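Note sheet for the following structure.
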Amino acid sequence: EPANRDGWQKHFLRAKRDDAKQSIELILLRGGGAVFNAHLDCLRIAAGGDAAPMLRIALTDITGRKRADEELRIAAIAFESQEGMIVTDPKGVIIRVNRAFTRMTGYEAAEAVGQTPTLLKSGRHEPEFYRRMWQAMKEKGYWQGEMWNRRKNGKVYAEWLTISAVAAPDGTVTHYVGTFSEITQNKEAEAKIHRLAYYDSLTHLPNRRLLHDRIGQAMAGSSRSGHCGALLFLDLDDFKTLNDTLGHDFGDRLLVETARRILANVRAGDTVARLGGDEFVVLLEDLSADAGEAAIQARLVGEKIREALAEPHDLDGFEYHGSASIGVGLFHNHDEPVETLLKHADLAMYKAKGAGRNALRFFDPAMQTALDERGALEADLRLALKRGQLHLYYQAQVDGAHRVIGAEALLRWAHPERGLVPPGDFIPLAEETGLILPIGLWVLETACARIKAWSSSAATRDLRLAVNVSARQFRQPEFVDQVRQVLAQTGADPSRLKIELTESMVLDDVEGTIGKMNALKQIGVGFSMDDFGTGYSSLSYLTRLPLDQLKIDRSFIFNLPDNSRDAVIAQTIITMARSLGLDVIAEGVETEAQQAFLDRHNCHAFQGYLFARPLPVEEFERYCAAAR
């Protein structure tokens with residue numbers, strides 16, 4: 001090889017002069033012209049006599065070794081590259097890491113070797129993620145993708161990871177080699193771009209673009225489930241005036257506080273979005289399948305938000321009183337464009353503005369009329385107790401000889417314009433709004449005062465007065481103390497008070513119900529199971545309840561004695577009550593045939609129009625006196 005000719009010649013000259021072995025590496029040419037690496041050893045050997053010394057020459061082809069050394073050198077340089085590297089045995093135990101691994105993870109080699117890569121686990125990936133990763137390793141011999149890991153200092157970071165399996169000639173995996181580079185900045189940049197694209201920069205709420213997507217998903221979900229959804233379009237009243245007088249900084253603070261208050265008054269799964277300016281939209285999903293009930297649910301949420309936004313705002317020491325106008329549009333299993341739904345809610349919001357602001361209006365005119373009527377009724381009901389419009393009527397309970405043995409106290413509302421409002425119209429409203437609590441307490445107080453008043457008359461002193469208690473009232477922790485206090489204040493005989501419960505109330509909390517009943521039984525209060533047979537009656541709980549009486553629901557009495565099914569049910573309830581040692585009374589008795597049937601089957605207490613309608617107290621007392 002021309003490039004090595006001088007070295008070759010000098011090597012021979014040294015070998016001729018020195019006794020020591022001379023070695024040199026050369027690049028030589030084969031006969032065919034191919035280049036190869038060679039190792040040349042020359043050793044001078046003395047000949048006998050006057051003969052010139054000889055040279056022993058050994059030439060070794062070292063091309064393979066040189067190539068292996070070169071590859072090792074390159075591998076060593078690559079291993080200490082800027083990418084983190086980790087080598088494990090077939091069981092995943094770390095046997096080597098590079099300096100970049102230490103720099104990125106914070107773990108020294110001595111801390112990592114002997115551990116497994118779970119040392120870095122962030123907790124952000126589900127088990128399914130790792131299962132798919134190792135499945136790919138098994139099928140392809142490698143895997144690459146994004147992974148979140150955790151540094152030694154606890155900070156989570158994103159990396160691009162490639163794992164390769166190293167296999168022996170027989171295919172057995174001997175090692176796994178992982179290389180990774182940090183991409184956290186890329187992920188954070190992606191997240192920032194996503195936030196800018198889909199979220200409002202001031203309030204961090206979803207913007208119009210993301211809201212459109214979610215409304216579309218909600219409409220698809222409504223089509224599948226049959227449930228209604230609603231859009232609430234909110235606009236702050238007089239927001240421009242605030243901006244013009246106090247400046248945009250104050251306006252921004254109000255918008256941020258508005259977002260916070262709206263979020264505090266919706267469910268976790270509901271969407272609150274800011275469209276821009278002072279306009280917000282609330283998307284409610286999974287409301288009732290019945291449009292009327294869904295409207296009531298949406299109205300309750302809207303009113304909560306409206307009331308929350310009407311509370312004073314503290315804007316850096318300045319107390320600001322604001323309000324919002326809210327428009328509501330319902331959607332239910334239809335394919336109207338998203339923009340149309342938003343327009344409906346927007347139009348309803350302008351109706352609220354036109355109604356004097358700080359108001360809520362529905363897009364559907366018929367529904368709006370119904371809700372306005374309900375709202376007016378609720379407003380009147382809130383004043384009814386204060387204005388003395390609520391009254392107790394009394395319906396007689398009689399025995400087989402038509403002697404009055406007791407009465408049921410029934411609530412009536414005498415409205416100055418509406419007349420006598422049916423209980424079915426206002427009792428559910430009182431339950432929903434919580435007004436049933438003060439009303440229920442008034443009923444209990446009035447009934448106990450009546451028991452005390454009746455104790456001075458021979459015609460009424462032996463009567464037991466039944467009082468219906470609402471589920472919400474009965475579930476109050478202080479209910480037992482409340483009854484005791486009312487009895488003490490009025491001086492009523494507890495044994496003359498009978499509390500009527502429904503099956504659904506009992507089933508909601510059997511143990512709690514039994515505890516309260518036993519506490520009141522100890523002072524003499526009695527209990528009747530109202531509407532018995534209409535729910536999910538079970539002997540397992542019925543035998544545990546300290547009841548005095550079962551009341552057969554009017555729905556089973558109406559078709560007696562001709563309807564065989566109702567006849568069997570009535571007979572069964574009577575037999576069950578007698579076997580448990582309970583009294584039994586039938587309500588809704590309107591004909592002599594009904595009474596005769598019940599009498600024949602051992603039910604001797606009745607309540608119904610056959611004997612008396614619910615009467616004001618004076619008429620009821622006259623009825624009792626006449627029946628003696």
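Every chain in the structure tokens has a letter given in the order shown (A, B, ...), and although residue numbers restart at 1 in each chain, ligands are simply numbered from 1 in the order shown.
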From a backbone DSSP assignment, name each residue in stretch 377-524 of chain A labelled alpha helix (DSSP H), as number ranges by chain. A: 377-384, 423-433, 436-454, 471-474, 479-490, 503-508, 510-521
When you look at A:Gln489 with a cut-off of 10 Å (counting only C-alpha atoms), what residues show up, excluding the ones that are within fewer than 6 positions of it in the same chain? I need them as number ranges by chain. A: 445, 448-449, 483
Could you dump the residues just selected with all heavy atoms as a PDB file, in the first residue's frame?
```pdb
ATOM      1  N   GLU A 445     -98.152  22.682  64.954  1.00  0.00           N
ATOM      2  CA  GLU A 445     -98.525  23.568  66.061  1.00  0.00           C
ATOM      3  C   GLU A 445    -100.041  23.775  66.112  1.00  0.00           C
ATOM      4  O   GLU A 445    -100.654  23.728  67.197  1.00  0.00           O
ATOM      5  CB  GLU A 445     -97.813  24.919  65.903  1.00  0.00           C
ATOM      6  CG  GLU A 445     -96.315  24.859  66.124  1.00  0.00           C
ATOM      7  CD  GLU A 445     -95.621  26.156  65.763  1.00  0.00           C
ATOM      8  OE1 GLU A 445     -96.216  26.956  64.993  1.00  0.00           O
ATOM      9  OE2 GLU A 445     -94.485  26.381  66.225  1.00  0.00           O
ATOM     10  N   CYS A 448    -101.842  20.504  67.273  1.00  0.00           N
ATOM     11  CA  CYS A 448    -101.693  20.244  68.712  1.00  0.00           C
ATOM     12  C   CYS A 448    -102.501  21.242  69.540  1.00  0.00           C
ATOM     13  O   CYS A 448    -103.075  20.880  70.584  1.00  0.00           O
ATOM     14  CB  CYS A 448    -100.209  20.291  69.100  1.00  0.00           C
ATOM     15  SG  CYS A 448     -99.265  18.858  68.512  1.00  0.00           S
ATOM     16  N   ALA A 449    -102.554  22.478  69.071  1.00  0.00           N
ATOM     17  CA  ALA A 449    -103.386  23.460  69.761  1.00  0.00           C
ATOM     18  C   ALA A 449    -104.849  23.051  69.678  1.00  0.00           C
ATOM     19  O   ALA A 449    -105.623  23.237  70.653  1.00  0.00           O
ATOM     20  CB  ALA A 449    -103.181  24.845  69.137  1.00  0.00           C
ATOM     21  N   VAL A 483     -91.310  17.947  67.776  1.00  0.00           N
ATOM     22  CA  VAL A 483     -92.627  17.451  68.200  1.00  0.00           C
ATOM     23  C   VAL A 483     -92.783  17.574  69.714  1.00  0.00           C
ATOM     24  O   VAL A 483     -93.829  18.020  70.209  1.00  0.00           O
ATOM     25  CB  VAL A 483     -92.826  15.991  67.744  1.00  0.00           C
ATOM     26  CG1 VAL A 483     -94.140  15.438  68.293  1.00  0.00           C
ATOM     27  CG2 VAL A 483     -92.811  15.891  66.226  1.00  0.00           C
TER      28      VAL A 483
END
```
Using only C-alpha atoms, which protein or nucleic acid residues come within 7 Å of A:Met85? Drop anything in the same chain fewer than 4 positions from it, and give the result as a JSON list (two decimals) with all heavy atoms, in the first residue's frame.
```
[["chain", "number", "residue", "atom", "x", "y", "z"],
["A", 79, "PHE", "N", -23.32, 6.04, 23.58],
["A", 79, "PHE", "CA", -23.93, 5.80, 24.88],
["A", 79, "PHE", "C", -23.86, 7.04, 25.76],
["A", 79, "PHE", "O", -24.74, 7.27, 26.59],
["A", 79, "PHE", "CB", -23.24, 4.62, 25.56],
["A", 79, "PHE", "CG", -23.97, 4.13, 26.79],
["A", 79, "PHE", "CD1", -25.15, 3.42, 26.67],
["A", 79, "PHE", "CD2", -23.49, 4.41, 28.06],
["A", 79, "PHE", "CE1", -25.83, 2.98, 27.80],
["A", 79, "PHE", "CE2", -24.17, 3.97, 29.19],
["A", 79, "PHE", "CZ", -25.34, 3.25, 29.06],
["A", 97, "VAL", "N", -26.82, 2.91, 33.04],
["A", 97, "VAL", "CA", -27.41, 4.16, 32.56],
["A", 97, "VAL", "C", -26.28, 5.09, 32.16],
["A", 97, "VAL", "O", -25.13, 4.91, 32.59],
["A", 97, "VAL", "CB", -28.29, 4.83, 33.64],
["A", 97, "VAL", "CG1", -29.47, 3.96, 34.02],
["A", 97, "VAL", "CG2", -27.46, 5.19, 34.88],
["A", 98, "ASN", "N", -26.60, 6.10, 31.36],
["A", 98, "ASN", "CA", -25.55, 7.05, 30.98],
["A", 98, "ASN", "C", -25.70, 8.36, 31.74],
["A", 98, "ASN", "O", -26.62, 8.54, 32.55],
["A", 98, "ASN", "CB", -25.54, 7.27, 29.46],
["A", 98, "ASN", "CG", -26.80, 7.99, 28.98],
["A", 98, "ASN", "OD1", -27.72, 8.24, 29.74],
["A", 98, "ASN", "ND2", -26.83, 8.31, 27.69],
["A", 101, "PHE", "N", -28.93, 10.30, 31.35],
["A", 101, "PHE", "CA", -30.01, 9.77, 32.21],
["A", 101, "PHE", "C", -29.97, 10.46, 33.57],
["A", 101, "PHE", "O", -31.01, 10.91, 34.08],
["A", 101, "PHE", "CB", -29.83, 8.25, 32.36],
["A", 101, "PHE", "CG", -30.72, 7.63, 33.41],
["A", 101, "PHE", "CD1", -31.97, 7.14, 33.07],
["A", 101, "PHE", "CD2", -30.32, 7.54, 34.74],
["A", 101, "PHE", "CE1", -32.80, 6.57, 34.02],
["A", 101, "PHE", "CE2", -31.15, 6.99, 35.70],
["A", 101, "PHE", "CZ", -32.39, 6.50, 35.34],
["A", 178, "GLY", "N", -33.26, 1.34, 26.26],
["A", 178, "GLY", "CA", -34.19, 2.45, 26.11],
["A", 178, "GLY", "C", -33.44, 3.76, 25.93],
["A", 178, "GLY", "O", -32.46, 4.02, 26.64],
["A", 179, "THR", "N", -33.87, 4.55, 24.96],
["A", 179, "THR", "CA", -33.30, 5.89, 24.76],
["A", 179, "THR", "C", -34.45, 6.89, 24.81],
["A", 179, "THR", "O", -35.53, 6.62, 24.30],
["A", 179, "THR", "CB", -32.57, 6.01, 23.41],
["A", 179, "THR", "OG1", -33.50, 5.78, 22.36],
["A", 179, "THR", "CG2", -31.45, 4.99, 23.31],
["A", 180, "PHE", "N", -34.18, 8.02, 25.46],
["A", 180, "PHE", "CA", -35.27, 9.01, 25.58],
["A", 180, "PHE", "C", -34.71, 10.42, 25.55],
["A", 180, "PHE", "O", -33.57, 10.68, 25.95],
["A", 180, "PHE", "CB", -36.07, 8.77, 26.86],
["A", 180, "PHE", "CG", -35.28, 8.89, 28.14],
["A", 180, "PHE", "CD1", -35.20, 10.10, 28.82],
["A", 180, "PHE", "CD2", -34.62, 7.79, 28.67],
["A", 180, "PHE", "CE1", -34.47, 10.21, 30.00],
["A", 180, "PHE", "CE2", -33.90, 7.89, 29.85],
["A", 180, "PHE", "CZ", -33.83, 9.09, 30.51]]
```
Can you measure atom CA of A:Glu83 to atom CA of A:Lys66 for me? One decimal in Å is fine. 27.0 Å
Quick check for you: according to DSSP on this backbone, which residues of stretch 500-591 of chain A are classed as strand (DSSP E)? Reply as a PDB file with N, CA and C atoms, in the first residue's frame.
```
ATOM      1  N   GLU A 500     -98.988  10.483  60.514  1.00  0.00           N
ATOM      2  CA  GLU A 500     -99.125   9.605  59.352  1.00  0.00           C
ATOM      3  C   GLU A 500     -97.864   9.685  58.487  1.00  0.00           C
ATOM      4  N   LEU A 501     -97.282   8.503  58.242  1.00  0.00           N
ATOM      5  CA  LEU A 501     -96.091   8.388  57.401  1.00  0.00           C
ATOM      6  C   LEU A 501     -96.446   7.638  56.124  1.00  0.00           C
ATOM      7  N   THR A 502     -95.635   7.833  55.081  1.00  0.00           N
ATOM      8  CA  THR A 502     -95.829   7.074  53.840  1.00  0.00           C
ATOM      9  C   THR A 502     -94.744   6.001  53.738  1.00  0.00           C
ATOM     10  N   GLY A 526     -98.862   8.287  68.503  1.00  0.00           N
ATOM     11  CA  GLY A 526     -99.181   7.128  67.682  1.00  0.00           C
ATOM     12  C   GLY A 526     -98.754   7.333  66.239  1.00  0.00           C
ATOM     13  N   PHE A 527     -98.726   6.214  65.463  1.00  0.00           N
ATOM     14  CA  PHE A 527     -98.299   6.282  64.062  1.00  0.00           C
ATOM     15  C   PHE A 527     -99.218   5.450  63.190  1.00  0.00           C
ATOM     16  N   SER A 528     -99.508   6.021  62.016  1.00  0.00           N
ATOM     17  CA  SER A 528    -100.303   5.316  61.013  1.00  0.00           C
ATOM     18  C   SER A 528     -99.516   5.291  59.709  1.00  0.00           C
ATOM     19  N   MET A 529     -99.584   4.155  58.992  1.00  0.00           N
ATOM     20  CA  MET A 529     -98.948   4.059  57.677  1.00  0.00           C
ATOM     21  C   MET A 529     -99.961   4.479  56.631  1.00  0.00           C
ATOM     22  N   ASP A 530     -99.737   5.632  56.018  1.00  0.00           N
ATOM     23  CA  ASP A 530    -100.669   6.195  55.047  1.00  0.00           C
ATOM     24  C   ASP A 530    -100.434   5.577  53.673  1.00  0.00           C
ATOM     25  N   ASP A 531    -101.475   5.539  52.855  1.00  0.00           N
ATOM     26  CA  ASP A 531    -101.378   5.047  51.470  1.00  0.00           C
ATOM     27  C   ASP A 531    -100.801   3.646  51.411  1.00  0.00           C
ATOM     28  N   PHE A 532    -101.111   2.817  52.393  1.00  0.00           N
ATOM     29  CA  PHE A 532    -100.501   1.496  52.446  1.00  0.00           C
ATOM     30  C   PHE A 532    -100.923   0.660  51.237  1.00  0.00           C
ATOM     31  N   GLN A 549    -101.438   1.664  63.225  1.00  0.00           N
ATOM     32  CA  GLN A 549    -102.541   1.564  62.267  1.00  0.00           C
ATOM     33  C   GLN A 549    -102.008   1.489  60.834  1.00  0.00           C
ATOM     34  N   LEU A 550    -102.744   0.735  60.000  1.00  0.00           N
ATOM     35  CA  LEU A 550    -102.533   0.765  58.553  1.00  0.00           C
ATOM     36  C   LEU A 550    -103.742   1.439  57.915  1.00  0.00           C
ATOM     37  N   LYS A 551    -103.482   2.296  56.925  1.00  0.00           N
ATOM     38  CA  LYS A 551    -104.576   2.956  56.218  1.00  0.00           C
ATOM     39  C   LYS A 551    -104.609   2.420  54.790  1.00  0.00           C
ATOM     40  N   ILE A 552    -105.741   1.843  54.403  1.00  0.00           N
ATOM     41  CA  ILE A 552    -105.900   1.321  53.046  1.00  0.00           C
ATOM     42  C   ILE A 552    -106.095   2.495  52.103  1.00  0.00           C
ATOM     43  N   ASP A 583    -104.497  -1.673  64.110  1.00  0.00           N
ATOM     44  CA  ASP A 583    -105.794  -1.206  63.642  1.00  0.00           C
ATOM     45  C   ASP A 583    -105.710  -0.988  62.135  1.00  0.00           C
ATOM     46  N   VAL A 584    -106.854  -0.982  61.480  1.00  0.00           N
ATOM     47  CA  VAL A 584    -106.883  -0.728  60.052  1.00  0.00           C
ATOM     48  C   VAL A 584    -108.031   0.217  59.757  1.00  0.00           C
ATOM     49  N   ILE A 585    -107.773   1.189  58.860  1.00  0.00           N
ATOM     50  CA  ILE A 585    -108.793   2.157  58.485  1.00  0.00           C
ATOM     51  C   ILE A 585    -108.761   2.314  56.971  1.00  0.00           C
ATOM     52  N   ALA A 586    -109.916   2.466  56.376  1.00  0.00           N
ATOM     53  CA  ALA A 586    -110.021   2.652  54.926  1.00  0.00           C
ATOM     54  C   ALA A 586    -110.365   4.103  54.636  1.00  0.00           C
ATOM     55  N   GLU A 587    -109.620   4.701  53.695  1.00  0.00           N
ATOM     56  CA  GLU A 587    -109.937   6.077  53.308  1.00  0.00           C
ATOM     57  C   GLU A 587    -110.599   6.078  51.932  1.00  0.00           C
TER      58      GLU A 587
END
```
Nearby residues (only C-alpha atoms) at most 8 Å from A:Val467, same-chain spacing under 5 positions excluded, as a ChimeraX atom specification: /A:408-410,443-444,447,497-500
Distance criterion (only C-alpha atoms): nearest to A:Gly92 out of A:Leu234, A:Ala136, A:Ala324, A:Val173: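 Comparing A:Leu234, A:Ala136, A:Ala324, A:Val173 against A:Gly92, the winner is A:Val173.
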Write out as a VMD selection string each polymer residue whose atoms come within 10 Å of A:His332, counting only C-alpha atoms; drop sequence neighbours fewer than 6 positions from it. chain A and resid 218 to 223 225 to 230 287 to 291 294
Polymer residues at most 8 Å from A:Tyr107, only C-alpha atoms, same-chain spacing of 5 or more positions, as JSON, numbers by chain: {"A": [101, 102, 112, 151, 152]}
Find the distance between atom CA of A:Asn37 and atom CA of A:Ala58 and write it in Å to one decimal.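 Distance between the two atoms: 13.8 Å.
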List as a PyMOL selection string the protein and nucleic acid residues near A:Gly524, meaning an atom at most 8 Å away when only C-alpha atoms are counted, but skip any in the same chain fewer than 2 places from it. chain A and resi 494-495+520-522+526
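Compared by their closest atoms to A:Val404, and using only C-alpha atoms, the residues A:Leu463, A:Ala384, A:Leu275, A:Ile95 rank with A:Leu463 nearest.
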Which stretch 202-299 of chain A residues have any atom within 10 Å of an atom of stretch 359-362 of chain A, and for each, what is the nearest pair of atoms with distance in Å to one decimal, counting only C-alpha atoms, rows sorted by chain and number, as a Markdown table?
```
| residue | atom | partner | partner_atom | distance |
| --- | --- | --- | --- | --- |
| A:Leu232 | CA | A:Phe362 | CA | 9.2 |
| A:Phe233 | CA | A:Leu360 | CA | 9.6 |
| A:Leu234 | CA | A:Leu360 | CA | 9.2 |
| A:Ala295 | CA | A:Phe362 | CA | 8.4 |
| A:Ala298 | CA | A:Phe362 | CA | 9.6 |
| A:Arg299 | CA | A:Leu360 | CA | 7.8 |
```
My list of candidates is A:Gly491, A:Gly141, A:Gly327, A:Gly440. Which is closest to A:Ser470 when distances are computed with only C-alpha atoms? A:Gly440
For A:Tyr198, which of A:Ala273, A:Arg578, A:His601, A:Val177 is the closest residue, counting only C-alpha atoms? A:Ala273
Between atom CA of A:Pro614 and atom CA of A:Gly588, what is the spacing in Å?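 Taking atom CA of A:Gly588 and atom CA of A:Pro614, their separation equals 11.6 Å.
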